[in-house]
Amino acid sequence: MSHDLHIDSGVSKEEIYAQLLPQLTALTEGESDMIACMANLCAALHQTFGWLWTGFYRAKGDELVLGPFQGPLACVRIKRGKGVCGTAWIKEETIVVPDVEKFPGHIACSSLSRSEIVVPIKNSSGETIAVLDIDSEQTDTFDDTDAHWLGKVADLLSKCR
């Protein structure tokens, strides 16, 4: 079965997400391995939007550990509460950072990153087990539209066991 993504060009970001979500759902339906789901989701998101970095960090003890990703090399471990990822993990909420230079304690895994969004991934018990981290080379890339739709992507992962 082919999993090529087909998104109409010339549409709004909202419309792109709306077209993409059913395809992402198909990629994860029936798959029980979390890493496999993460790998395909980050590849599909990265391919569709062309962000600098798209990937996951998994909660292991008091650290987030690098998971599947697309883009340049990344930080391997992030302490709980550190940087945007660690902050989203501890607060258990999506964080949109329009300009990473203005985020206190930002961890610069890549000097090219200018804006970032981090979305917690929760298990069926509501515990944050990972985060989806996306970086852009431009400031002000992410907004409430991204937070809303990437939250739906996170919900797909909560169904992977």
# chains A, B, ... in the order shown; residues from 1 in each chain; ligands from 1
$ closest_atom_pairs --of "stretch 59-101 of chain A" --to "stretch 140-143 of chain A" --cutoff "8 Å" --atoms "only C-alpha atoms" --output "Markdown table"
| residue | atom | partner | partner_atom | distance |
| --- | --- | --- | --- | --- |
| A:Val96 | CA | A:Phe142 | CA | 6.4 |
| A:Val97 | CA | A:Phe142 | CA | 7.5 |
| A:Pro98 | CA | A:Asp140 | CA | 4.3 |
| A:Asp99 | CA | A:Asp140 | CA | 6.5 |
$ write_last_selection --atoms "all heavy atoms" --output "PDB file, in the first residue's frame"
ATOM      1  N   VAL A  96       4.002  27.330  22.429  1.00  0.00           N
ATOM      2  CA  VAL A  96       4.357  27.945  21.157  1.00  0.00           C
ATOM      3  C   VAL A  96       5.361  29.059  21.462  1.00  0.00           C
ATOM      4  O   VAL A  96       5.083  29.938  22.282  1.00  0.00           O
ATOM      5  CB  VAL A  96       3.118  28.537  20.450  1.00  0.00           C
ATOM      6  CG1 VAL A  96       3.526  29.291  19.189  1.00  0.00           C
ATOM      7  CG2 VAL A  96       2.108  27.450  20.132  1.00  0.00           C
ATOM      8  N   VAL A  97       6.526  28.994  20.815  1.00  0.00           N
ATOM      9  CA  VAL A  97       7.571  29.997  21.030  1.00  0.00           C
ATOM     10  C   VAL A  97       7.822  30.724  19.702  1.00  0.00           C
ATOM     11  O   VAL A  97       8.465  30.175  18.804  1.00  0.00           O
ATOM     12  CB  VAL A  97       8.880  29.348  21.545  1.00  0.00           C
ATOM     13  CG1 VAL A  97       9.937  30.406  21.783  1.00  0.00           C
ATOM     14  CG2 VAL A  97       8.621  28.553  22.813  1.00  0.00           C
ATOM     15  N   PRO A  98       7.313  31.973  19.579  1.00  0.00           N
ATOM     16  CA  PRO A  98       7.482  32.717  18.330  1.00  0.00           C
ATOM     17  C   PRO A  98       8.944  33.053  18.014  1.00  0.00           C
ATOM     18  O   PRO A  98       9.328  33.105  16.852  1.00  0.00           O
ATOM     19  CB  PRO A  98       6.678  34.000  18.560  1.00  0.00           C
ATOM     20  CG  PRO A  98       5.758  33.694  19.697  1.00  0.00           C
ATOM     21  CD  PRO A  98       6.454  32.670  20.536  1.00  0.00           C
ATOM     22  N   ASP A  99       9.742  33.290  19.061  1.00  0.00           N
ATOM     23  CA  ASP A  99      11.163  33.623  18.884  1.00  0.00           C
ATOM     24  C   ASP A  99      11.949  32.945  20.004  1.00  0.00           C
ATOM     25  O   ASP A  99      11.850  33.350  21.163  1.00  0.00           O
ATOM     26  CB  ASP A  99      11.344  35.141  18.941  1.00  0.00           C
ATOM     27  CG  ASP A  99      12.775  35.592  18.693  1.00  0.00           C
ATOM     28  OD1 ASP A  99      13.701  34.746  18.711  1.00  0.00           O
ATOM     29  OD2 ASP A  99      12.977  36.800  18.488  1.00  0.00           O
TER      30      ASP A  99
END
$ select_by_dssp --residues "chain A" --states "strand (DSSP E)" --output "MDAnalysis selection string"
chainID A and resid 53:60 63:70 77:79 95:97 115:122 128:136
$ closest_atom_pairs --of "stretch 22-109 of chain A" --to "stretch 145-152 of chain A" --cutoff "12 Å" --atoms "only C-alpha atoms" --output "JSON lines"
{"residue": "A:Pro22", "atom": "CA", "partner": "A:Lys152", "partner_atom": "CA", "distance": 10.6}
{"residue": "A:Leu24", "atom": "CA", "partner": "A:Lys152", "partner_atom": "CA", "distance": 10.0}
{"residue": "A:Thr25", "atom": "CA", "partner": "A:Lys152", "partner_atom": "CA", "distance": 9.8}
{"residue": "A:Leu41", "atom": "CA", "partner": "A:Leu150", "partner_atom": "CA", "distance": 10.6}
{"residue": "A:Cys42", "atom": "CA", "partner": "A:Leu150", "partner_atom": "CA", "distance": 11.0}
{"residue": "A:Leu45", "atom": "CA", "partner": "A:Leu150", "partner_atom": "CA", "distance": 9.5}
{"residue": "A:Phe49", "atom": "CA", "partner": "A:Asp146", "partner_atom": "CA", "distance": 11.1}
{"residue": "A:Thr54", "atom": "CA", "partner": "A:Leu150", "partner_atom": "CA", "distance": 11.6}
{"residue": "A:Glu92", "atom": "CA", "partner": "A:Gly151", "partner_atom": "CA", "distance": 12.0}
{"residue": "A:Glu93", "atom": "CA", "partner": "A:Gly151", "partner_atom": "CA", "distance": 9.8}
{"residue": "A:Thr94", "atom": "CA", "partner": "A:Ala147", "partner_atom": "CA", "distance": 6.7}
{"residue": "A:Ile95", "atom": "CA", "partner": "A:Ala147", "partner_atom": "CA", "distance": 8.1}
{"residue": "A:Val96", "atom": "CA", "partner": "A:Ala147", "partner_atom": "CA", "distance": 7.5}
{"residue": "A:Val97", "atom": "CA", "partner": "A:Ala147", "partner_atom": "CA", "distance": 11.1}
$ write_last_selection --atoms "C-alpha atoms" --output "mmCIF file, in the first residue's frame"
data_model
loop_
_atom_site.group_PDB
_atom_site.id
_atom_site.type_symbol
_atom_site.label_atom_id
_atom_site.label_comp_id
_atom_site.auth_asym_id
_atom_site.auth_seq_id
_atom_site.Cartn_x
_atom_site.Cartn_y
_atom_site.Cartn_z
ATOM 1 C CA PRO A 22 -6.957 11.465 7.828
ATOM 2 C CA LEU A 24 -1.867 10.430 9.453
ATOM 3 C CA THR A 25 -4.702 8.470 11.024
ATOM 4 C CA LEU A 41 4.159 10.790 11.814
ATOM 5 C CA CYS A 42 7.297 12.906 12.028
ATOM 6 C CA LEU A 45 4.707 16.191 9.016
ATOM 7 C CA PHE A 49 5.537 21.371 5.975
ATOM 8 C CA THR A 54 10.389 17.540 13.423
ATOM 9 C CA GLU A 92 1.783 19.188 30.463
ATOM 10 C CA GLU A 93 0.692 21.755 27.909
ATOM 11 C CA THR A 94 1.544 22.858 24.390
ATOM 12 C CA ILE A 95 4.048 25.692 24.207
ATOM 13 C CA VAL A 96 4.357 27.945 21.157
ATOM 14 C CA VAL A 97 7.571 29.997 21.030
#
$ select_by_dssp --residues "stretch 10-145 of chain A" --states "alpha helix (DSSP H)" --output "ChimeraX atom specification"
/A:13-28,34-49,83-91,144-145
$ closest_residue --among "A:Glu15, A:Ser125, A:Ser110, A:Ala43" --to "A:Leu27" --atoms "only C-alpha atoms"
A:Ala43
$ atom_distance --atom1 "atom CA of A:Arg77" --atom2 "atom CA of A:Ala36"
20.2 Å
$ atom_distance --atom1 "atom CA of A:Glu137" --atom2 "atom CA of A:Gly67"
21.1 Å
$ residues_around --residues "A:Cys160" --least-positions-apart "6" --cutoff "8 Å" --atoms "only C-alpha atoms" --output "CSV table (one decimal) with C-alpha atoms, in the first residue's frame"
chain,number,residue,atom,x,y,z
A,28,THR,CA,-1.2,4.8,12.7
A,31,GLU,CA,-0.1,-0.1,14.6
A,32,SER,CA,0.8,-1.0,18.2
A,33,ASP,CA,4.4,0.1,18.2
A,34,MET,CA,4.8,3.7,19.5
A,37,CYS,CA,4.0,5.5,14.8
$ residues_around --residues "A:Lys79" --least-positions-apart "2" --cutoff "7 Å" --atoms "only C-alpha atoms" --output "list of chain:residue names"
A:Asp62, A:Glu63, A:Leu64, A:Arg77, A:Gly81, A:Lys82, A:Gly86
$ write_last_selection --atoms "N, CA and C atoms" --output "mmCIF file, in the first residue's frame"
data_model
loop_
_atom_site.group_PDB
_atom_site.id
_atom_site.type_symbol
_atom_site.label_atom_id
_atom_site.label_comp_id
_atom_site.auth_asym_id
_atom_site.auth_seq_id
_atom_site.Cartn_x
_atom_site.Cartn_y
_atom_site.Cartn_z
ATOM 1 N N ASP A 62 13.765 11.064 34.657
ATOM 2 C CA ASP A 62 13.677 12.526 34.775
ATOM 3 C C ASP A 62 14.223 13.237 33.534
ATOM 4 N N GLU A 63 14.263 12.510 32.407
ATOM 5 C CA GLU A 63 14.769 13.094 31.170
ATOM 6 C C GLU A 63 13.846 12.775 30.003
ATOM 7 N N LEU A 64 13.941 13.626 28.994
ATOM 8 C CA LEU A 64 13.363 13.324 27.696
ATOM 9 C C LEU A 64 14.502 12.797 26.841
ATOM 10 N N ARG A 77 19.430 14.148 25.149
ATOM 11 C CA ARG A 77 18.708 14.115 26.427
ATOM 12 C C ARG A 77 18.409 15.532 26.899
ATOM 13 N N GLY A 81 11.886 19.923 32.849
ATOM 14 C CA GLY A 81 11.778 21.344 33.157
ATOM 15 C C GLY A 81 12.770 22.234 32.436
ATOM 16 N N LYS A 82 13.661 21.672 31.616
ATOM 17 C CA LYS A 82 14.677 22.465 30.917
ATOM 18 C C LYS A 82 14.267 22.705 29.464
ATOM 19 N N GLY A 86 11.357 20.396 27.888
ATOM 20 C CA GLY A 86 11.243 20.049 29.298
ATOM 21 C C GLY A 86 10.177 20.853 30.014
#
$ atom_distance --atom1 "atom CA of A:Lys122" --atom2 "atom CA of A:Val153"
11.3 Å
$ closest_residue --among "A:Ala74, A:Cys85, A:Leu156, A:Ile90" --to "A:His106" --atoms "only C-alpha atoms"
A:Cys85
$ residues_around --residues "A:Asp135" --least-positions-apart "6" --cutoff "8 Å" --atoms "only C-alpha atoms" --output "compact mmCIF listing (two decimals) with N, CA, C and O atoms, in the first residue's frame"
# COMPACT_ATOMS: atom_id res chain seq x y z
N TRP A 51 9.57 21.88 7.73
CA TRP A 51 10.17 22.56 8.88
C TRP A 51 11.65 22.18 9.00
O TRP A 51 12.11 21.19 8.41
N LEU A 52 12.39 22.89 9.83
CA LEU A 52 13.81 22.61 10.07
C LEU A 52 13.98 21.25 10.76
O LEU A 52 14.82 20.45 10.38
N TRP A 53 13.18 21.02 11.80
CA TRP A 53 13.32 19.80 12.60
C TRP A 53 11.95 19.37 13.10
O TRP A 53 11.17 20.20 13.59
N THR A 54 11.66 18.10 12.98
CA THR A 54 10.39 17.54 13.42
C THR A 54 10.70 16.22 14.11
O THR A 54 11.30 15.35 13.49
N SER A 113 17.55 27.26 14.42
CA SER A 113 16.19 27.32 14.94
C SER A 113 15.83 28.73 15.39
O SER A 113 16.57 29.37 16.14
N ARG A 114 14.67 29.21 14.93
CA ARG A 114 14.20 30.55 15.29
C ARG A 114 12.86 30.54 16.02
O ARG A 114 12.55 31.45 16.78
N SER A 115 12.01 29.53 15.74
CA SER A 115 10.74 29.41 16.46
C SER A 115 10.47 27.93 16.68
O SER A 115 11.06 27.07 16.02
N GLU A 116 9.57 27.65 17.64
CA GLU A 116 9.40 26.26 18.07
C GLU A 116 8.00 26.05 18.63
O GLU A 116 7.38 26.97 19.17
N ILE A 117 7.52 24.82 18.50
CA ILE A 117 6.29 24.39 19.16
C ILE A 117 6.56 23.01 19.75
O ILE A 117 7.22 22.18 19.12
